[in-house]
$ cat coords-v9.cif   # mmCIF, C-alpha atoms
data_work
loop_
_atom_site.group_PDB
_atom_site.id
_atom_site.type_symbol
_atom_site.label_atom_id
_atom_site.label_comp_id
_atom_site.auth_asym_id
_atom_site.auth_seq_id
_atom_site.Cartn_x
_atom_site.Cartn_y
_atom_site.Cartn_z
ATOM 1 C CA VAL W 1 63.079 26.852 24.242
ATOM 2 C CA ASP W 2 64.300 30.458 24.395
ATOM 3 C CA SER W 3 64.718 30.637 20.620
ATOM 4 C CA VAL W 4 60.989 29.924 19.904
ATOM 5 C CA ASP W 5 59.130 32.978 18.710
ATOM 6 C CA GLU W 6 55.951 33.883 20.597
ATOM 7 C CA TRP W 7 53.937 33.757 17.338
ATOM 8 C CA TYR W 8 54.202 29.995 17.476
ATOM 9 C CA GLY W 9 52.098 30.137 20.631
ATOM 10 C CA GLY W 10 49.124 31.436 18.665
ATOM 11 C CA PHE W 11 49.589 28.718 16.048
ATOM 12 C CA ILE W 12 49.828 26.013 18.724
ATOM 13 C CA LEU W 13 46.752 27.397 20.498
ATOM 14 C CA PHE W 14 44.815 27.400 17.179
ATOM 15 C CA TYR W 15 46.018 23.849 16.412
ATOM 16 C CA LYS W 16 44.952 22.569 19.876
ATOM 17 C CA LEU W 17 41.531 24.205 19.632
ATOM 18 C CA VAL W 18 40.792 22.885 16.123
ATOM 19 C CA MET W 19 42.089 19.382 16.832
ATOM 20 C CA GLY W 20 40.334 19.217 20.216
ATOM 21 C CA PHE W 21 37.079 20.395 18.661
ATOM 22 C CA ALA W 22 37.411 17.850 15.816
ATOM 23 C CA VAL W 23 38.138 14.959 18.188
ATOM 24 C CA VAL W 24 35.209 15.889 20.437
ATOM 25 C CA LYS W 25 32.899 16.112 17.414
ATOM 26 C CA VAL W 26 34.029 12.718 16.106
ATOM 27 C CA ILE W 27 33.504 11.114 19.498
ATOM 28 C CA SER W 28 30.071 12.700 19.916
ATOM 29 C CA GLY W 29 29.146 11.658 16.351
ATOM 30 C CA VAL W 30 30.099 8.038 17.040
ATOM 31 C CA PHE W 31 28.189 8.148 20.320
ATOM 32 C CA LEU W 32 25.047 9.544 18.653
ATOM 33 C CA HIS W 33 25.280 7.034 15.811
ATOM 34 C CA GLU W 34 25.425 4.126 18.256
ATOM 35 C CA THR W 35 22.583 5.585 20.304
ATOM 36 C CA PHE W 36 20.329 5.904 17.250
ATOM 37 C CA ARG W 37 21.269 2.408 16.055
ATOM 38 C CA VAL W 38 20.297 0.900 19.402
ATOM 39 C CA ALA W 39 17.135 3.000 19.558
ATOM 40 C CA ALA W 40 16.106 1.829 16.083
ATOM 41 C CA THR W 41 16.152 -1.793 17.209
ATOM 42 C CA ASP W 42 14.234 -1.124 20.420
ATOM 43 C CA ASP W 43 10.895 -2.938 20.129
ATOM 44 C CA GLU W 44 8.980 -0.586 22.386
ATOM 45 C CA LEU W 45 10.192 2.443 20.470
ATOM 46 C CA MET W 46 9.210 0.848 17.154
ATOM 47 C CA ILE W 47 5.719 0.119 18.505
ATOM 48 C CA VAL W 48 5.287 3.692 19.720
ATOM 49 C CA GLN W 49 6.493 5.079 16.381
ATOM 50 C CA LYS W 50 4.123 2.802 14.451
ATOM 51 C CA ARG W 51 1.162 3.852 16.607
ATOM 52 C CA ARG W 52 2.019 7.512 16.060
ATOM 53 C CA ALA W 53 2.227 6.951 12.315
ATOM 54 C CA VAL W 54 -1.163 5.182 12.287
ATOM 55 C CA ARG W 55 -2.801 7.996 14.287
ATOM 56 C CA LYS W 56 -1.247 10.629 12.027
ATOM 57 C CA HIS W 57 -2.453 8.770 8.922
ATOM 58 C CA ALA W 58 -5.985 8.562 10.386
ATOM 59 C CA ARG W 59 -6.013 12.309 11.094
ATOM 60 C CA GLU W 60 -4.805 13.088 7.570
ATOM 61 C CA MET W 61 -7.437 10.850 5.970
ATOM 62 C CA GLU W 62 -10.134 12.415 8.169
ATOM 63 C CA LYS W 63 -9.027 15.848 6.979
ATOM 64 C CA LEU W 64 -9.125 14.685 3.342
ATOM 65 C CA PHE W 65 -12.563 13.152 3.886
ATOM 66 C CA ARG W 66 -13.968 16.384 5.329
ATOM 67 C CA MET W 67 -12.552 18.352 2.373
ATOM 68 C CA ALA W 68 -14.009 15.926 -0.166
ATOM 69 C CA ASP W 69 -17.455 15.451 1.419
ATOM 70 C CA GLU W 70 -19.028 18.660 0.164
ATOM 71 C CA SER W 71 -22.577 17.344 0.600
ATOM 72 C CA HIS W 72 -21.893 16.517 4.291
ATOM 73 C CA ASP W 73 -23.772 13.230 4.004
ATOM 74 C CA GLY W 74 -20.935 11.141 5.455
ATOM 75 C CA TYR W 75 -19.910 9.724 2.086
ATOM 76 C CA ILE W 76 -17.767 10.798 -0.850
ATOM 77 C CA SER W 77 -19.402 10.399 -4.250
ATOM 78 C CA ARG W 78 -17.409 9.772 -7.403
ATOM 79 C CA GLN W 79 -17.900 13.400 -8.468
ATOM 80 C CA GLU W 80 -16.755 14.758 -5.081
ATOM 81 C CA PHE W 81 -13.763 12.436 -5.212
ATOM 82 C CA LYS W 82 -12.729 13.594 -8.689
ATOM 83 C CA LYS W 83 -13.186 17.223 -7.712
ATOM 84 C CA VAL W 84 -10.956 17.036 -4.628
ATOM 85 C CA LEU W 85 -8.273 15.009 -6.415
ATOM 86 C CA SER W 86 -8.158 17.479 -9.282
ATOM 87 C CA VAL W 87 -6.642 20.022 -6.867
ATOM 88 C CA PRO W 88 -2.850 19.910 -7.486
ATOM 89 C CA LYS W 89 -2.042 20.520 -3.817
ATOM 90 C CA ILE W 90 -4.096 17.465 -2.767
ATOM 91 C CA ASN W 91 -2.467 15.346 -5.472
ATOM 92 C CA THR W 92 0.995 16.388 -4.306
ATOM 93 C CA TRP W 93 0.019 15.743 -0.686
ATOM 94 C CA LEU W 94 -1.135 12.207 -1.543
ATOM 95 C CA ALA W 95 2.031 11.601 -3.569
ATOM 96 C CA ALA W 96 4.075 12.647 -0.525
ATOM 97 C CA MET W 97 2.238 9.901 1.383
ATOM 98 C CA ASP W 98 3.297 7.359 -1.298
ATOM 99 C CA LEU W 99 -0.081 7.290 -3.034
ATOM 100 C CA GLU W 100 0.356 8.234 -6.682
ATOM 101 C CA VAL W 101 -2.989 9.170 -8.260
ATOM 102 C CA GLN W 102 -3.110 8.757 -12.031
ATOM 103 C CA ASP W 103 -6.613 7.402 -12.663
ATOM 104 C CA TYR W 104 -9.290 8.851 -10.381
ATOM 105 C CA ASP W 105 -11.979 6.345 -11.394
ATOM 106 C CA LEU W 106 -9.721 3.356 -10.785
ATOM 107 C CA LEU W 107 -8.669 4.683 -7.376
ATOM 108 C CA PHE W 108 -12.327 5.311 -6.483
ATOM 109 C CA ASP W 109 -13.168 1.716 -7.464
ATOM 110 C CA PHE W 110 -10.295 0.398 -5.320
ATOM 111 C CA LEU W 111 -11.464 2.381 -2.305
ATOM 112 C CA ASP W 112 -15.204 1.760 -2.755
ATOM 113 C CA ASP W 113 -16.838 -1.395 -1.398
ATOM 114 C CA GLY W 114 -19.279 -1.524 -4.287
ATOM 115 C CA ASP W 115 -22.039 0.851 -3.156
ATOM 116 C CA GLY W 116 -20.857 3.761 -5.334
ATOM 117 C CA LYS W 117 -19.723 5.932 -2.436
ATOM 118 C CA ILE W 118 -16.762 6.002 -0.057
ATOM 119 C CA SER W 119 -17.204 6.214 3.708
ATOM 120 C CA ALA W 120 -14.545 7.598 6.033
ATOM 121 C CA GLN W 121 -13.627 4.070 7.121
ATOM 122 C CA GLU W 122 -13.329 2.865 3.507
ATOM 123 C CA LEU W 123 -11.066 5.806 2.706
ATOM 124 C CA LEU W 124 -8.847 5.138 5.719
ATOM 125 C CA ARG W 125 -8.513 1.384 5.126
ATOM 126 C CA GLY W 126 -8.226 1.702 1.347
ATOM 127 C CA VAL W 127 -5.534 4.361 1.311
ATOM 128 C CA GLU W 128 -3.631 2.458 3.999
ATOM 129 C CA ARG W 129 -3.660 -0.619 1.749
ATOM 130 C CA LEU W 130 -2.716 1.255 -1.407
ATOM 131 C CA LYS W 131 -0.037 3.672 -0.287
ATOM 132 C CA GLY W 132 3.633 2.828 -0.658
ATOM 133 C CA THR W 133 5.206 0.128 -2.751
ATOM 134 C CA ALA W 134 3.763 -3.325 -3.082
ATOM 135 C CA ARG W 135 4.701 -5.489 -0.154
ATOM 136 C CA SER W 136 5.708 -9.125 -0.465
ATOM 137 C CA ILE W 137 2.602 -10.306 1.364
ATOM 138 C CA ASP W 138 0.403 -8.361 -1.072
ATOM 139 C CA LEU W 139 2.122 -9.998 -4.028
ATOM 140 C CA VAL W 140 1.808 -13.470 -2.506
ATOM 141 C CA ALA W 141 -1.889 -12.877 -1.801
ATOM 142 C CA ALA W 142 -2.469 -11.681 -5.378
ATOM 143 C CA MET W 143 -0.585 -14.677 -6.781
ATOM 144 C CA ARG W 144 -2.631 -17.072 -4.633
ATOM 145 C CA LYS W 145 -5.895 -15.491 -5.805
ATOM 146 C CA LEU W 146 -4.698 -15.713 -9.391
ATOM 147 C CA VAL W 147 -3.917 -19.418 -9.002
ATOM 148 C CA ASN W 148 -7.389 -19.985 -7.499
ATOM 149 C CA LEU W 149 -9.014 -18.115 -10.386
ATOM 150 C CA GLN W 150 -7.014 -20.137 -12.898
ATOM 151 C CA GLN W 151 -8.165 -23.361 -11.222
ATOM 152 C CA GLN W 152 -11.792 -22.202 -11.240
ATOM 153 C CA LEU W 153 -11.487 -21.251 -14.904
ATOM 154 C CA ALA W 154 -10.006 -24.655 -15.717
ATOM 155 C CA ASP W 155 -12.909 -26.309 -13.868
ATOM 156 C CA ILE W 156 -15.405 -24.213 -15.846
ATOM 157 C CA VAL W 157 -13.714 -25.168 -19.112
ATOM 158 C CA THR W 158 -13.818 -28.862 -18.142
ATOM 159 C CA ILE W 159 -17.500 -28.700 -17.192
ATOM 160 C CA THR W 160 -18.364 -26.775 -20.355
ATOM 161 C CA THR W 161 -16.496 -29.292 -22.493
ATOM 162 C CA CYS W 162 -18.308 -32.198 -20.834
ATOM 163 C CA MET W 163 -21.652 -30.472 -21.280
ATOM 164 C CA ALA W 164 -20.893 -29.818 -24.950
ATOM 165 C CA GLN W 165 -19.956 -33.455 -25.432
ATOM 166 C CA ASP W 166 -23.167 -34.566 -23.692
ATOM 167 C CA LEU W 167 -25.224 -32.248 -25.879
ATOM 168 C CA GLN W 168 -23.431 -33.546 -28.949
ATOM 169 C CA LEU W 169 -24.101 -37.146 -27.884
ATOM 170 C CA GLN W 170 -27.742 -36.333 -27.241
ATOM 171 C CA GLY W 171 -27.950 -34.726 -30.652
ATOM 172 C CA ASP W 172 -26.410 -37.848 -32.247
ATOM 173 C CA THR W 173 -28.776 -40.177 -30.373
ATOM 174 C CA THR W 174 -31.850 -38.184 -31.357
ATOM 175 C CA SER W 175 -30.895 -38.481 -34.992
ATOM 176 C CA ILE W 176 -30.783 -42.236 -34.635
ATOM 177 C CA ALA W 177 -33.522 -42.394 -32.011
ATOM 178 C CA GLY W 178 -35.553 -44.735 -34.123
ATOM 179 C CA ASN W 179 -32.891 -47.457 -33.679
ATOM 180 C CA ILE W 180 -32.294 -47.028 -29.890
ATOM 181 C CA PRO W 181 -35.008 -47.420 -27.274
ATOM 182 C CA SER W 182 -35.804 -44.224 -25.317
ATOM 183 C CA GLU W 183 -34.907 -45.918 -21.999
ATOM 184 C CA ALA W 184 -31.330 -46.402 -23.218
ATOM 185 C CA VAL W 185 -31.006 -42.750 -24.257
ATOM 186 C CA SER W 186 -32.249 -41.459 -20.885
ATOM 187 C CA ALA W 187 -30.007 -43.904 -19.020
ATOM 188 C CA GLN W 188 -26.756 -42.464 -20.506
ATOM 189 C CA PRO W 189 -24.426 -41.196 -17.755
ATOM 190 C CA THR W 190 -23.594 -37.516 -17.809
ATOM 191 C CA ALA W 191 -20.255 -35.963 -16.915
ATOM 192 C CA LEU W 192 -21.812 -33.648 -14.299
ATOM 193 C CA ALA W 193 -23.535 -36.386 -12.326
#
$ encode --input "coords-v9.cif" --output "structure tokens"
Amino acid sequence: VDSVDEWYGGFILFYKLVMGFAVVKVISGVFLHETFRVAATDDELMIVQKRRAVRKHAREMEKLFRMADESHDGYISRQEFKKVLSVPKINTWLAAMDLEVQDYDLLFDFLDDGDGKISAQELLRGVERLKGTARSIDLVAAMRKLVNLQQQLADIVTITTCMAQDLQLQGDTTSIAGNIPSEAVSAQPTALA
């Protein structure tokens, strides 16, 4: 022990400080990671975070609505909508909220309920529906509506075909009406009945 130079003391002190600091940081990092993991699965915390996000989104859409409603009539017209979305800062802001705006008219039509103007409530609900990526439930709903439309279209085609056949039969019977009594022609069953 007497043959150890005192410069080794500084090295050992440096080694202990660095290693102690590193171990403490690793332990605190593991502790924080576990804390955040548990907090992320806490139902109450998730509910509070979701409510905050909804309130923040509502405030942001209210701010956008006030900027866009230049006429102060409580509605955004198509022209007002195009004008506010043509501002690059607004476009970037909407893109940061996961709402990419490429076609102003199409977005206006998605947000509008059909009266040609967007209310604050329509803007809030519409942007909430449109922002972000498509969710599974949205895709399932769209697929279900598509299947219903296909079924309705098939029904229309069937009815149209039957009507065309009935008209064709009526046309054939009128050409030979002299041979068939009129009571028999009017008594023919139709496909729609």
$ residues_around --input "coords-v9.cif" --residues "Leu124 of chain W" --least-positions-apart "4" --cutoff "10 Å" --atoms "only C-alpha atoms" --output "PyMOL selection string"
chain W and resi 57-62+64-65+111+118-120+128-129
$ atom_distance --input "coords-v9.cif" --atom1 "atom CA of Ala96 of chain W" --atom2 "atom CA of Lys63 of chain W"
15.4 Å
$ residues_around --input "coords-v9.cif" --residues "Met67 of chain W" --least-positions-apart "4" --cutoff "12 Å" --atoms "all atoms listed in the file" --output "count of residues only"
17
$ closest_residue --input "coords-v9.cif" --among "W:Leu13, W:Val140, W:Val101, W:Ala39" --to "Val127 of chain W" --atoms "all atoms listed in the file"
W:Val101
$ atom_distance --input "coords-v9.cif" --atom1 "atom CA of Gly116 of chain W" --atom2 "atom CA of Asp103 of chain W"
16.4 Å
$ decode --input "coords-v9.cif" --residues "segment 18-43 of chain W" --atoms "C-alpha atoms" --output "short mmCIF file (atom, residue, chain, number, x, y, z; two decimals), in the first residue's frame"
data_model
loop_
_atom_site.label_atom_id
_atom_site.label_comp_id
_atom_site.auth_asym_id
_atom_site.auth_seq_id
_atom_site.Cartn_x
_atom_site.Cartn_y
_atom_site.Cartn_z
CA VAL W 18 -18.24 8.64 -13.07
CA MET W 19 -19.35 5.09 -12.28
CA GLY W 20 -21.56 6.23 -9.39
CA PHE W 21 -23.15 8.90 -11.56
CA ALA W 22 -23.72 6.39 -14.40
CA VAL W 23 -25.29 3.80 -12.08
CA VAL W 24 -27.57 6.40 -10.49
CA LYS W 25 -28.64 7.64 -13.94
CA VAL W 26 -29.39 4.11 -15.14
CA ILE W 27 -31.44 3.36 -12.05
CA SER W 28 -33.36 6.64 -12.32
CA GLY W 29 -33.92 6.01 -16.05
CA VAL W 30 -35.37 2.56 -15.36
CA PHE W 31 -37.52 4.00 -12.59
CA LEU W 32 -38.88 6.78 -14.83
CA HIS W 33 -39.51 4.35 -17.69
CA GLU W 34 -41.56 2.08 -15.43
CA THR W 35 -43.43 5.05 -13.99
CA PHE W 36 -44.39 6.33 -17.45
CA ARG W 37 -45.38 2.83 -18.59
CA VAL W 38 -47.72 2.42 -15.63
CA ALA W 39 -49.07 5.94 -16.07
CA ALA W 40 -49.82 5.27 -19.74
CA THR W 41 -52.08 2.36 -18.83
CA ASP W 42 -53.91 4.26 -16.10
CA ASP W 43 -57.53 4.63 -17.22
#
